[in-house]
Amino acid sequence: MNPDSSETEQDHRLGRIRLLDEQRVNLDGFAQADPELGMISHLSPHDPEPSWRVDDDGAVLEMDSKPAADFDTIDEFIVRYAVDPAEAPRSMAMSDVELARMIVHSDVPREEVLRVCGGLTPAKMARVVALLQPVEIQMAMMKMRARRTPANQAHVTNRLDDPLLIAADAATAVVYGFRELEATVPVLDDAPAVAVGLLIGSQVPAPGALTQCSVEEARELELGVRGLVSYAETVSVYGTEQVFTDGDDTPWSKAFLTSSYASRGIKMRLSSGAGSEVLMGQAERKSMNYLESRCVALAKGIGAQGVQNGGVDGAAITASVPGGVRELIAENLMVMLRGLESCSGNDSLMSESTMRRTSRTLPVLLSGSDFIFSGFGSVVAYDNMFGPSNFNAADLDDYLVMQRDWGVDGGLRSVDPTTLEAMRRQAAEATRAVFEYLGLADFDDEHVETVVGAAGSKDLPPTDGVKVLSAARMIEQSGLTVLDIVAALAETGFTDIAERVLGMAKARVTGDYLQTAAIFDEQMNVLSALQDPNDYRGPGTGYRPTAERQAQIDAVRQARSVTDLVKEQATFAHPDRLIVSEVADVGEDPREVVIGVSPAFGVKLFRTLSGMTVYDVLEQILAGLEEEQCVPRLVRIADSVDLGVIGKSAARLSGSGIGVGLQAKGTTLIHRRDLPPLANLELLSVAPLITPEMYRLIGINAGRHAKGATPAPMRNAYTDEAITARYHTRVVSMVAIERSECDDHGLNMELELKR
């Protein structure tokens, strides 16, 4: 066989199958459910039956079908610290359906649900949550999230660990509305320099954004003790003992670490997520939902403020099995049912399909969560050192529009370019000043300018990686603290930022933000389960955006008004090119073709939807008519904006009985005087796709019709784009402008085009 023959082999797939095979969803991995591997979202046949047995003295004899003598460290910890022994007998006696309905029903207060769920074992909670349909999970989340006001968390990282770019991107995230910023580093020793850049940049647009630098736990804790970061969430827990053992950890060691953070005023939540045990080969044939239920129970017993879950790094594994995406959001609900802050995943790119990515995130956006994302990739995807998030910087506009479409608060707002540039510049300059003042590193003006304008690190010139590493080691070795940063900012003239950074240090002393689901708003008010408790009790209750916040949600940067369109159109006006001459009358020349234009054509509207000016469009149609040796005449039709009426009116004025109708937005047709208004000889209806050549052919075909020929009709261009979505809002404004110029009793006026 010819080795190159495969290149010429015929593709025998059906056209429809070939089409489907080309879609990006086929880049994703999908697996059949396999309980033996733990590749099952809910209700593995190997999940334990829920149970809770105690002796007369209250000692637990059995939990979830396992005798106390067989408890592993996770079972032991959950029994001691996570399950309320006073509530367990009554809660465990309730049926799964009864519990599920109580969780969803808006008439049952959140406090009552928390009390009852406090007595549930992991197996019981997993079984109950598995009963819920997706919309029921959303309904439950609306009631059960801890904090009334939703918020959002951003990833802020870059491939070069450039502290100025970190600062500029941190300021960008905060000006968009993020209230927590999470960094990590590709080079571990760079962490102190990145933490300083993140801290400074986060306080530039507004005070109160919390920051963390996710690195090895001991180093992360040290950064926190120095006041360079204010929260942590990457202390991981797992649902099987062997995975803990592989990491040289136990639930007790995680509890000790959590206490260490809290004792130093550092906000602390744990990290888990379905799929991690599967990836590590120790799922013990249990369902992902059950193992995550164990993790959430551990978090409750450990005393963490909340949990980052929803698949996280294992999201793609979970999403590969039937019901996997539903399991991801069910994880978040289990956190809420334990009374903890939910930081709801969406921080890992679970699919190459935009539709699947959106379907994974939308339910959380609609129902609300303490944090919609546990890491929206606010930087470009290639700079996200956690790996691309489910949404990244390129998706910001999409997310803002989704908020606007549904009228829900996803924690973000639009930003005008001038404000964004100013915030990025101030963050970069303040960070440069601090690094220079403290003798850590020098950055020149060119570097600052590049950082301000950069989309990501690829836009930066080649940098000296040793510079950042040396600065970070100096921070590490000198014992530099947040107070040194404050002093440097004050001494270099950035007093406002110094006050804000100092305010974050003061907040560590008061400790109010160690409450469950605590964040600061932009006035440094603490919003938490205590000060801002979720009070949803059904329709008409719970969180509603204020009028000011709703205006932020509604104001996407792409929105345009009629006034905006008029200003834009005026830039293309050339009044000396289209001159009004006289009142139009009926022509007599059998070779005459009248081009009828709409009322605002060349008056207030000067550019078509295709981007061509009205003058260029006329030139093409005129050239086509002249090519056929026809006599063209231009007439503005005064009494209608309807293209059919405009075309028929032009045909009635034409000596040949053939007319061309043309709207300012670019839609055009060929009409004949004896046809009804809604009929025509040819129509180009998709204005954005009409090319100069197509307009010229309209002129040619109109001329041939005038001479009695039957030309091959012009066809609309092929498209699979969302033309209506892209242009219809502009069309509405253009039609409104046309309507304002329409005069039912006006005269049709002849025009002359100066060429």
# chains A, B, ... in the order shown; residues from 1 in each chain; ligands from 1
$ residues_around --residues "Val468 (chain A)" --least-positions-apart "3" --cutoff "9 Å" --atoms "only C-alpha atoms" --output "VMD selection string"
chain A and resid 160 to 163 190 193 to 194 440 to 441 464 to 465 471 to 473
$ write_last_selection --atoms "N, CA, C and O atoms" --output "PDB file, in the first residue's frame"
ATOM      1  N   LEU A 160       5.392  34.976  34.523  1.00  0.00           N
ATOM      2  CA  LEU A 160       6.701  35.526  34.864  1.00  0.00           C
ATOM      3  C   LEU A 160       6.817  35.893  36.338  1.00  0.00           C
ATOM      4  O   LEU A 160       7.887  36.312  36.777  1.00  0.00           O
ATOM      5  N   ASP A 161       5.717  35.779  37.097  1.00  0.00           N
ATOM      6  CA  ASP A 161       5.683  36.259  38.490  1.00  0.00           C
ATOM      7  C   ASP A 161       6.064  37.733  38.565  1.00  0.00           C
ATOM      8  O   ASP A 161       6.630  38.192  39.577  1.00  0.00           O
ATOM      9  N   ASP A 162       5.775  38.484  37.527  1.00  0.00           N
ATOM     10  CA  ASP A 162       6.123  39.909  37.506  1.00  0.00           C
ATOM     11  C   ASP A 162       5.262  40.652  38.526  1.00  0.00           C
ATOM     12  O   ASP A 162       4.038  40.721  38.382  1.00  0.00           O
ATOM     13  N   PRO A 163       5.862  41.234  39.574  1.00  0.00           N
ATOM     14  CA  PRO A 163       5.044  41.839  40.633  1.00  0.00           C
ATOM     15  C   PRO A 163       4.272  43.073  40.179  1.00  0.00           C
ATOM     16  O   PRO A 163       3.196  43.359  40.715  1.00  0.00           O
ATOM     17  N   ASP A 190       9.400  32.777  44.417  1.00  0.00           N
ATOM     18  CA  ASP A 190       8.910  34.102  44.023  1.00  0.00           C
ATOM     19  C   ASP A 190       7.730  34.566  44.878  1.00  0.00           C
ATOM     20  O   ASP A 190       7.311  35.728  44.790  1.00  0.00           O
ATOM     21  N   ALA A 193       7.411  38.136  46.702  1.00  0.00           N
ATOM     22  CA  ALA A 193       7.313  39.286  45.797  1.00  0.00           C
ATOM     23  C   ALA A 193       5.927  39.372  45.176  1.00  0.00           C
ATOM     24  O   ALA A 193       5.360  40.461  45.029  1.00  0.00           O
ATOM     25  N   VAL A 194       5.364  38.229  44.801  1.00  0.00           N
ATOM     26  CA  VAL A 194       4.019  38.199  44.232  1.00  0.00           C
ATOM     27  C   VAL A 194       2.991  38.640  45.277  1.00  0.00           C
ATOM     28  O   VAL A 194       2.064  39.396  44.984  1.00  0.00           O
ATOM     29  N   LEU A 440      14.504  46.466  46.933  1.00  0.00           N
ATOM     30  CA  LEU A 440      14.251  45.098  46.463  1.00  0.00           C
ATOM     31  C   LEU A 440      14.565  44.931  44.982  1.00  0.00           C
ATOM     32  O   LEU A 440      15.135  43.924  44.566  1.00  0.00           O
ATOM     33  N   ALA A 441      14.134  45.902  44.171  1.00  0.00           N
ATOM     34  CA  ALA A 441      14.344  45.825  42.719  1.00  0.00           C
ATOM     35  C   ALA A 441      13.994  47.167  42.102  1.00  0.00           C
ATOM     36  O   ALA A 441      13.220  47.949  42.674  1.00  0.00           O
ATOM     37  N   ASP A 464      14.206  39.884  33.368  1.00  0.00           N
ATOM     38  CA  ASP A 464      15.224  39.179  34.149  1.00  0.00           C
ATOM     39  C   ASP A 464      14.531  38.439  35.285  1.00  0.00           C
ATOM     40  O   ASP A 464      14.134  39.052  36.285  1.00  0.00           O
ATOM     41  N   GLY A 465      14.367  37.125  35.138  1.00  0.00           N
ATOM     42  CA  GLY A 465      13.689  36.345  36.161  1.00  0.00           C
ATOM     43  C   GLY A 465      14.412  36.373  37.489  1.00  0.00           C
ATOM     44  O   GLY A 465      13.788  36.240  38.549  1.00  0.00           O
ATOM     45  N   ALA A 471      14.413  39.728  44.680  1.00  0.00           N
ATOM     46  CA  ALA A 471      13.542  40.560  45.507  1.00  0.00           C
ATOM     47  C   ALA A 471      12.764  39.705  46.493  1.00  0.00           C
ATOM     48  O   ALA A 471      12.624  40.056  47.674  1.00  0.00           O
ATOM     49  N   ALA A 472      12.240  38.579  45.998  1.00  0.00           N
ATOM     50  CA  ALA A 472      11.456  37.700  46.867  1.00  0.00           C
ATOM     51  C   ALA A 472      12.312  37.150  48.006  1.00  0.00           C
ATOM     52  O   ALA A 472      11.859  37.068  49.161  1.00  0.00           O
ATOM     53  N   ARG A 473      13.558  36.792  47.710  1.00  0.00           N
ATOM     54  CA  ARG A 473      14.431  36.245  48.754  1.00  0.00           C
ATOM     55  C   ARG A 473      14.810  37.308  49.777  1.00  0.00           C
ATOM     56  O   ARG A 473      14.946  37.020  50.981  1.00  0.00           O
TER      57      ARG A 473
END
$ residues_around --residues "Gly596 (chain A)" --least-positions-apart "4" --cutoff "8 Å" --atoms "only C-alpha atoms" --output "count of residues only"
12
$ select_by_dssp --residues "region 623-681 of chain A" --states "helix (DSSP H, G or I)" --output "ChimeraX atom specification"
/A:623-627,643-653
$ residues_around --residues "Tyr513 (chain A)" --least-positions-apart "6" --cutoff "8 Å" --atoms "only C-alpha atoms" --output "number ranges by chain"
A: 267, 507, 519-520, 526, 528
$ write_last_selection --atoms "C-alpha atoms" --output "PDB file, in the first residue's frame"
ATOM      1  CA  LYS A 267      -9.497  33.866  57.179  1.00  0.00           C
ATOM      2  CA  ALA A 507      -8.814  44.271  60.539  1.00  0.00           C
ATOM      3  CA  ILE A 519     -15.906  39.692  53.223  1.00  0.00           C
ATOM      4  CA  PHE A 520     -15.408  43.453  53.301  1.00  0.00           C
ATOM      5  CA  VAL A 526     -17.918  43.284  57.195  1.00  0.00           C
ATOM      6  CA  SER A 528     -20.885  37.784  56.900  1.00  0.00           C
TER       7      SER A 528
END
$ residues_around --residues "Asp72 (chain A)" --least-positions-apart "3" --cutoff "10 Å" --atoms "only C-alpha atoms" --output "list in words"
Lys66, Ala68, Ala69, Asp75, Glu76, Phe77, Thr240, Glu241 and Gln242 of chain A
$ write_last_selection --atoms "N, CA and C atoms" --output "PDB file, in the first residue's frame"
ATOM      1  N   LYS A  66     -20.811   1.133  59.606  1.00  0.00           N
ATOM      2  CA  LYS A  66     -19.479   0.694  60.012  1.00  0.00           C
ATOM      3  C   LYS A  66     -19.400   0.689  61.537  1.00  0.00           C
ATOM      4  N   ALA A  68     -17.877   0.896  65.272  1.00  0.00           N
ATOM      5  CA  ALA A  68     -16.863   1.806  65.813  1.00  0.00           C
ATOM      6  C   ALA A  68     -15.477   1.177  65.794  1.00  0.00           C
ATOM      7  N   ALA A  69     -15.415  -0.114  65.998  1.00  0.00           N
ATOM      8  CA  ALA A  69     -14.108  -0.784  66.013  1.00  0.00           C
ATOM      9  C   ALA A  69     -13.397  -0.690  64.672  1.00  0.00           C
ATOM     10  N   ASP A  75     -13.693   8.666  59.872  1.00  0.00           N
ATOM     11  CA  ASP A  75     -14.898   8.312  60.633  1.00  0.00           C
ATOM     12  C   ASP A  75     -14.788   8.811  62.073  1.00  0.00           C
ATOM     13  N   GLU A  76     -13.644   8.569  62.689  1.00  0.00           N
ATOM     14  CA  GLU A  76     -13.443   8.942  64.090  1.00  0.00           C
ATOM     15  C   GLU A  76     -13.597  10.449  64.274  1.00  0.00           C
ATOM     16  N   PHE A  77     -13.009  11.218  63.348  1.00  0.00           N
ATOM     17  CA  PHE A  77     -13.063  12.673  63.462  1.00  0.00           C
ATOM     18  C   PHE A  77     -14.495  13.172  63.269  1.00  0.00           C
ATOM     19  N   THR A 240     -11.060   9.799  51.615  1.00  0.00           N
ATOM     20  CA  THR A 240     -10.579   8.463  51.999  1.00  0.00           C
ATOM     21  C   THR A 240      -9.275   8.607  52.773  1.00  0.00           C
ATOM     22  N   GLU A 241      -9.079   7.719  53.715  1.00  0.00           N
ATOM     23  CA  GLU A 241      -7.925   7.813  54.611  1.00  0.00           C
ATOM     24  C   GLU A 241      -6.613   7.656  53.867  1.00  0.00           C
ATOM     25  N   GLN A 242      -6.571   6.792  52.847  1.00  0.00           N
ATOM     26  CA  GLN A 242      -5.320   6.534  52.152  1.00  0.00           C
ATOM     27  C   GLN A 242      -4.783   7.784  51.475  1.00  0.00           C
TER      28      GLN A 242
END
$ select_by_dssp --residues "region 230-325 of chain A" --states "strand (DSSP E or B)" --output "PDB file with N, CA and C atoms, in the first residue's frame"
ATOM      1  N   TYR A 231      -6.058  35.717  53.692  1.00  0.00           N
ATOM      2  CA  TYR A 231      -6.881  34.506  53.788  1.00  0.00           C
ATOM      3  C   TYR A 231      -6.149  33.339  53.145  1.00  0.00           C
ATOM      4  N   ALA A 232      -6.653  32.143  53.433  1.00  0.00           N
ATOM      5  CA  ALA A 232      -6.102  30.918  52.842  1.00  0.00           C
ATOM      6  C   ALA A 232      -7.248  29.960  52.565  1.00  0.00           C
ATOM      7  N   GLU A 233      -7.096  29.150  51.513  1.00  0.00           N
ATOM      8  CA  GLU A 233      -8.161  28.193  51.199  1.00  0.00           C
ATOM      9  C   GLU A 233      -7.631  26.911  50.566  1.00  0.00           C
ATOM     10  N   THR A 234      -6.335  26.741  50.551  1.00  0.00           N
ATOM     11  CA  THR A 234      -5.788  25.579  49.845  1.00  0.00           C
ATOM     12  C   THR A 234      -5.297  24.504  50.804  1.00  0.00           C
ATOM     13  N   VAL A 235      -5.870  24.477  52.008  1.00  0.00           N
ATOM     14  CA  VAL A 235      -5.613  23.382  52.931  1.00  0.00           C
ATOM     15  C   VAL A 235      -6.602  22.273  52.587  1.00  0.00           C
ATOM     16  N   SER A 236      -6.107  21.218  51.965  1.00  0.00           N
ATOM     17  CA  SER A 236      -6.984  20.232  51.342  1.00  0.00           C
ATOM     18  C   SER A 236      -7.361  19.108  52.299  1.00  0.00           C
ATOM     19  N   LYS A 267      -8.295  34.591  57.594  1.00  0.00           N
ATOM     20  CA  LYS A 267      -9.497  33.866  57.179  1.00  0.00           C
ATOM     21  C   LYS A 267      -9.096  32.517  56.600  1.00  0.00           C
ATOM     22  N   MET A 268      -9.893  31.486  56.921  1.00  0.00           N
ATOM     23  CA  MET A 268      -9.454  30.134  56.579  1.00  0.00           C
ATOM     24  C   MET A 268     -10.622  29.274  56.121  1.00  0.00           C
ATOM     25  N   ARG A 269     -10.534  28.713  54.949  1.00  0.00           N
ATOM     26  CA  ARG A 269     -11.469  27.661  54.543  1.00  0.00           C
ATOM     27  C   ARG A 269     -10.675  26.512  53.938  1.00  0.00           C
ATOM     28  N   LEU A 270     -11.304  25.373  53.886  1.00  0.00           N
ATOM     29  CA  LEU A 270     -10.656  24.178  53.362  1.00  0.00           C
ATOM     30  C   LEU A 270     -10.967  24.007  51.881  1.00  0.00           C
ATOM     31  N   SER A 271     -10.228  23.131  51.248  1.00  0.00           N
ATOM     32  CA  SER A 271     -10.416  22.844  49.831  1.00  0.00           C
ATOM     33  C   SER A 271     -10.620  21.347  49.648  1.00  0.00           C
ATOM     34  N   GLY A 306     -15.235  27.872  55.897  1.00  0.00           N
ATOM     35  CA  GLY A 306     -15.957  27.436  54.717  1.00  0.00           C
ATOM     36  C   GLY A 306     -15.186  26.395  53.941  1.00  0.00           C
ATOM     37  N   VAL A 307     -15.679  26.124  52.727  1.00  0.00           N
ATOM     38  CA  VAL A 307     -15.072  25.105  51.866  1.00  0.00           C
ATOM     39  C   VAL A 307     -15.042  25.623  50.434  1.00  0.00           C
ATOM     40  N   GLN A 308     -13.893  25.446  49.800  1.00  0.00           N
ATOM     41  CA  GLN A 308     -13.783  25.622  48.354  1.00  0.00           C
ATOM     42  C   GLN A 308     -13.993  24.248  47.729  1.00  0.00           C
TER      43      GLN A 308
END
$ atom_distance --atom1 "CA of Thr691 (chain A)" --atom2 "CA of Lys648 (chain A)"
23.5 Å
$ residues_around --residues "Thr667 (chain A)" --least-positions-apart "5" --cutoff "10 Å" --atoms "only C-alpha atoms" --output "PyMOL selection string"
chain A and resi 608-610+643+661-662+683-690+695
$ residues_around --residues "region 48-57 of chain A" --least-positions-apart "3" --cutoff "10 Å" --atoms "only C-alpha atoms" --output "MDAnalysis selection string"
chainID A and resid 43:45 60:68 79 85 88:89 91:93 119:127 286 290
$ write_last_selection --atoms "N, CA and C atoms" --output "short mmCIF file (atom, residue, chain, number, x, y, z; two decimals), in the first residue's frame"
data_model
loop_
_atom_site.label_atom_id
_atom_site.label_comp_id
_atom_site.auth_asym_id
_atom_site.auth_seq_id
_atom_site.Cartn_x
_atom_site.Cartn_y
_atom_site.Cartn_z
N LEU A 43 -24.63 7.70 44.37
CA LEU A 43 -25.26 6.42 44.70
C LEU A 43 -24.53 5.21 44.10
N SER A 44 -23.26 5.09 44.43
CA SER A 44 -22.54 3.87 44.08
C SER A 44 -23.16 2.70 44.84
N PRO A 45 -23.22 1.51 44.22
CA PRO A 45 -23.72 0.34 44.96
C PRO A 45 -22.84 0.02 46.17
N VAL A 60 -20.99 6.26 70.45
CA VAL A 60 -21.38 5.84 69.10
C VAL A 60 -20.85 4.43 68.85
N LEU A 61 -21.77 3.54 68.50
CA LEU A 61 -21.43 2.16 68.19
C LEU A 61 -21.26 1.94 66.69
N GLU A 62 -21.97 2.73 65.90
CA GLU A 62 -21.95 2.52 64.45
C GLU A 62 -22.31 3.81 63.74
N MET A 63 -21.61 4.11 62.66
CA MET A 63 -21.98 5.21 61.78
C MET A 63 -21.88 4.73 60.34
N ASP A 64 -22.95 4.96 59.60
CA ASP A 64 -22.98 4.60 58.17
C ASP A 64 -22.52 3.17 57.94
N SER A 65 -23.17 2.26 58.70
CA SER A 65 -23.00 0.81 58.56
C SER A 65 -21.61 0.30 58.94
N LYS A 66 -20.81 1.13 59.61
CA LYS A 66 -19.48 0.69 60.01
C LYS A 66 -19.40 0.69 61.54
N PRO A 67 -19.04 -0.44 62.13
CA PRO A 67 -18.89 -0.50 63.59
C PRO A 67 -17.76 0.40 64.06
N ALA A 68 -17.88 0.90 65.27
CA ALA A 68 -16.86 1.81 65.81
C ALA A 68 -15.48 1.18 65.79
N VAL A 79 -17.32 11.56 63.77
CA VAL A 79 -18.15 11.18 64.92
C VAL A 79 -17.90 12.12 66.10
N PRO A 85 -24.56 15.09 68.27
CA PRO A 85 -25.17 13.88 68.86
C PRO A 85 -26.57 14.13 69.40
N ALA A 88 -28.72 13.94 66.06
CA ALA A 88 -28.57 12.79 65.18
C ALA A 88 -29.72 11.80 65.25
N PRO A 89 -30.20 11.38 66.44
CA PRO A 89 -31.27 10.38 66.44
C PRO A 89 -32.52 10.82 65.68
N SER A 91 -32.76 13.37 63.39
CA SER A 91 -32.45 13.67 61.98
C SER A 91 -32.29 12.40 61.17
N MET A 92 -31.56 11.42 61.73
CA MET A 92 -31.32 10.19 61.00
C MET A 92 -32.59 9.35 60.84
N ALA A 93 -33.57 9.58 61.71
CA ALA A 93 -34.83 8.83 61.61
C ALA A 93 -35.75 9.38 60.54
N GLY A 119 -27.35 16.95 62.39
CA GLY A 119 -27.41 15.58 62.89
C GLY A 119 -27.29 14.52 61.82
N LEU A 120 -26.95 14.89 60.60
CA LEU A 120 -26.85 13.92 59.51
C LEU A 120 -25.43 13.40 59.36
N THR A 121 -25.32 12.12 59.09
CA THR A 121 -24.03 11.52 58.77
C THR A 121 -23.71 11.79 57.30
N PRO A 122 -22.46 11.61 56.88
CA PRO A 122 -22.12 11.84 55.46
C PRO A 122 -22.96 11.01 54.50
N ALA A 123 -23.20 9.75 54.80
CA ALA A 123 -23.97 8.90 53.88
C ALA A 123 -25.40 9.39 53.76
N LYS A 124 -25.98 9.82 54.88
CA LYS A 124 -27.36 10.30 54.85
C LYS A 124 -27.46 11.59 54.05
N MET A 125 -26.54 12.52 54.27
CA MET A 125 -26.59 13.77 53.52
C MET A 125 -26.39 13.52 52.03
N ALA A 126 -25.47 12.62 51.67
CA ALA A 126 -25.24 12.32 50.26
C ALA A 126 -26.49 11.74 49.61
N ARG A 127 -27.18 10.86 50.32
CA ARG A 127 -28.41 10.25 49.80
C ARG A 127 -29.49 11.30 49.59
N LYS A 286 -16.44 4.10 46.11
CA LYS A 286 -17.54 4.94 46.58
C LYS A 286 -17.87 6.00 45.53
N TYR A 290 -20.66 10.91 47.76
CA TYR A 290 -20.51 10.43 49.14
C TYR A 290 -19.15 10.83 49.70
#
$ residues_around --residues "region 250-263 of chain A" --least-positions-apart "5" --cutoff "7 Å" --atoms "only C-alpha atoms" --output "VMD selection string"
chain A and resid 74 77 221 244 to 245 268 302 304
$ atom_distance --atom1 "CA of Glu626 (chain A)" --atom2 "CA of Ser654 (chain A)"
15.4 Å
$ closest_atom_pairs --of "region 310-386 of chain A" --to "region 23-29 of chain A" --cutoff "8 Å" --atoms "only C-alpha atoms" --output "tab-separated table"
residue	atom	partner	partner_atom	distance
A:Ala316	CA	A:Gly29	CA	8.0
A:Ser320	CA	A:Gly29	CA	6.0
A:Ser351	CA	A:Asp28	CA	5.9
A:Glu352	CA	A:Arg24	CA	5.8
A:Ser353	CA	A:Val25	CA	4.8
A:Arg356	CA	A:Val25	CA	7.9
$ atom_distance --atom1 "CA of Ala679 (chain A)" --atom2 "CA of Met612 (chain A)"
26.5 Å
$ closest_residue --among "A:His705, A:Arg115, A:Arg285, A:Lys300" --to "Arg80 (chain A)" --atoms "only C-alpha atoms"
A:Lys300
$ closest_residue --among "A:Val335, A:Glu619, A:Arg357, A:Gly58" --to "Ala319 (chain A)" --atoms "only C-alpha atoms"
A:Arg357
$ decode --residues "region 364-386 of chain A" --atoms "N, CA and C atoms" --output "short mmCIF file (atom, residue, chain, number, x, y, z; two decimals), in the first residue's frame"
data_model
loop_
_atom_site.label_atom_id
_atom_site.label_comp_id
_atom_site.auth_asym_id
_atom_site.auth_seq_id
_atom_site.Cartn_x
_atom_site.Cartn_y
_atom_site.Cartn_z
N VAL A 364 -25.11 28.22 39.31
CA VAL A 364 -24.57 28.88 40.51
C VAL A 364 -24.79 30.38 40.43
N LEU A 365 -24.60 30.95 39.24
CA LEU A 365 -24.86 32.38 39.05
C LEU A 365 -26.31 32.71 39.36
N LEU A 366 -27.23 31.89 38.90
CA LEU A 366 -28.66 32.18 39.07
C LEU A 366 -29.11 32.01 40.52
N SER A 367 -28.61 30.98 41.19
CA SER A 367 -29.05 30.73 42.56
C SER A 367 -28.30 31.60 43.56
N GLY A 368 -27.09 32.00 43.22
CA GLY A 368 -26.28 32.78 44.13
C GLY A 368 -25.47 31.90 45.05
N SER A 369 -24.31 32.38 45.44
CA SER A 369 -23.44 31.66 46.36
C SER A 369 -22.61 32.69 47.09
N ASP A 370 -21.98 32.28 48.19
CA ASP A 370 -21.09 33.21 48.88
C ASP A 370 -20.00 33.69 47.93
N PHE A 371 -19.45 32.77 47.14
CA PHE A 371 -18.56 33.12 46.04
C PHE A 371 -18.97 32.30 44.82
N ILE A 372 -19.41 32.98 43.76
CA ILE A 372 -19.85 32.29 42.55
C ILE A 372 -18.70 31.44 41.99
N PHE A 373 -17.51 32.01 41.99
CA PHE A 373 -16.30 31.31 41.56
C PHE A 373 -15.34 31.21 42.74
N SER A 374 -14.69 30.09 42.87
CA SER A 374 -13.54 30.05 43.76
C SER A 374 -12.29 30.29 42.91
N GLY A 375 -12.39 31.29 42.07
CA GLY A 375 -11.29 31.65 41.20
C GLY A 375 -11.72 31.84 39.77
N PHE A 376 -12.37 32.96 39.47
CA PHE A 376 -12.62 33.40 38.08
C PHE A 376 -11.25 33.81 37.54
N GLY A 377 -10.87 33.31 36.40
CA GLY A 377 -9.57 33.66 35.85
C GLY A 377 -9.57 35.08 35.33
N SER A 378 -9.35 36.06 36.21
CA SER A 378 -9.43 37.46 35.79
C SER A 378 -8.25 37.84 34.90
N VAL A 379 -7.26 36.96 34.79
CA VAL A 379 -6.14 37.15 33.87
C VAL A 379 -6.37 36.31 32.62
N VAL A 380 -5.56 36.56 31.59
CA VAL A 380 -5.69 35.76 30.37
C VAL A 380 -5.35 34.30 30.70
N ALA A 381 -5.96 33.39 29.97
CA ALA A 381 -5.87 31.97 30.32
C ALA A 381 -4.43 31.46 30.39
N TYR A 382 -3.56 31.94 29.48
CA TYR A 382 -2.19 31.40 29.47
C TYR A 382 -1.40 31.86 30.70
N ASP A 383 -1.86 32.92 31.38
CA ASP A 383 -1.16 33.41 32.56
C ASP A 383 -1.71 32.82 33.85
N ASN A 384 -2.75 32.01 33.76
CA ASN A 384 -3.35 31.45 34.97
C ASN A 384 -2.54 30.24 35.42
N MET A 385 -1.74 30.44 36.43
CA MET A 385 -0.83 29.39 36.88
C MET A 385 -1.53 28.31 37.71
N PHE A 386 -2.82 28.49 38.00
CA PHE A 386 -3.62 27.39 38.54
C PHE A 386 -4.12 26.49 37.41
#
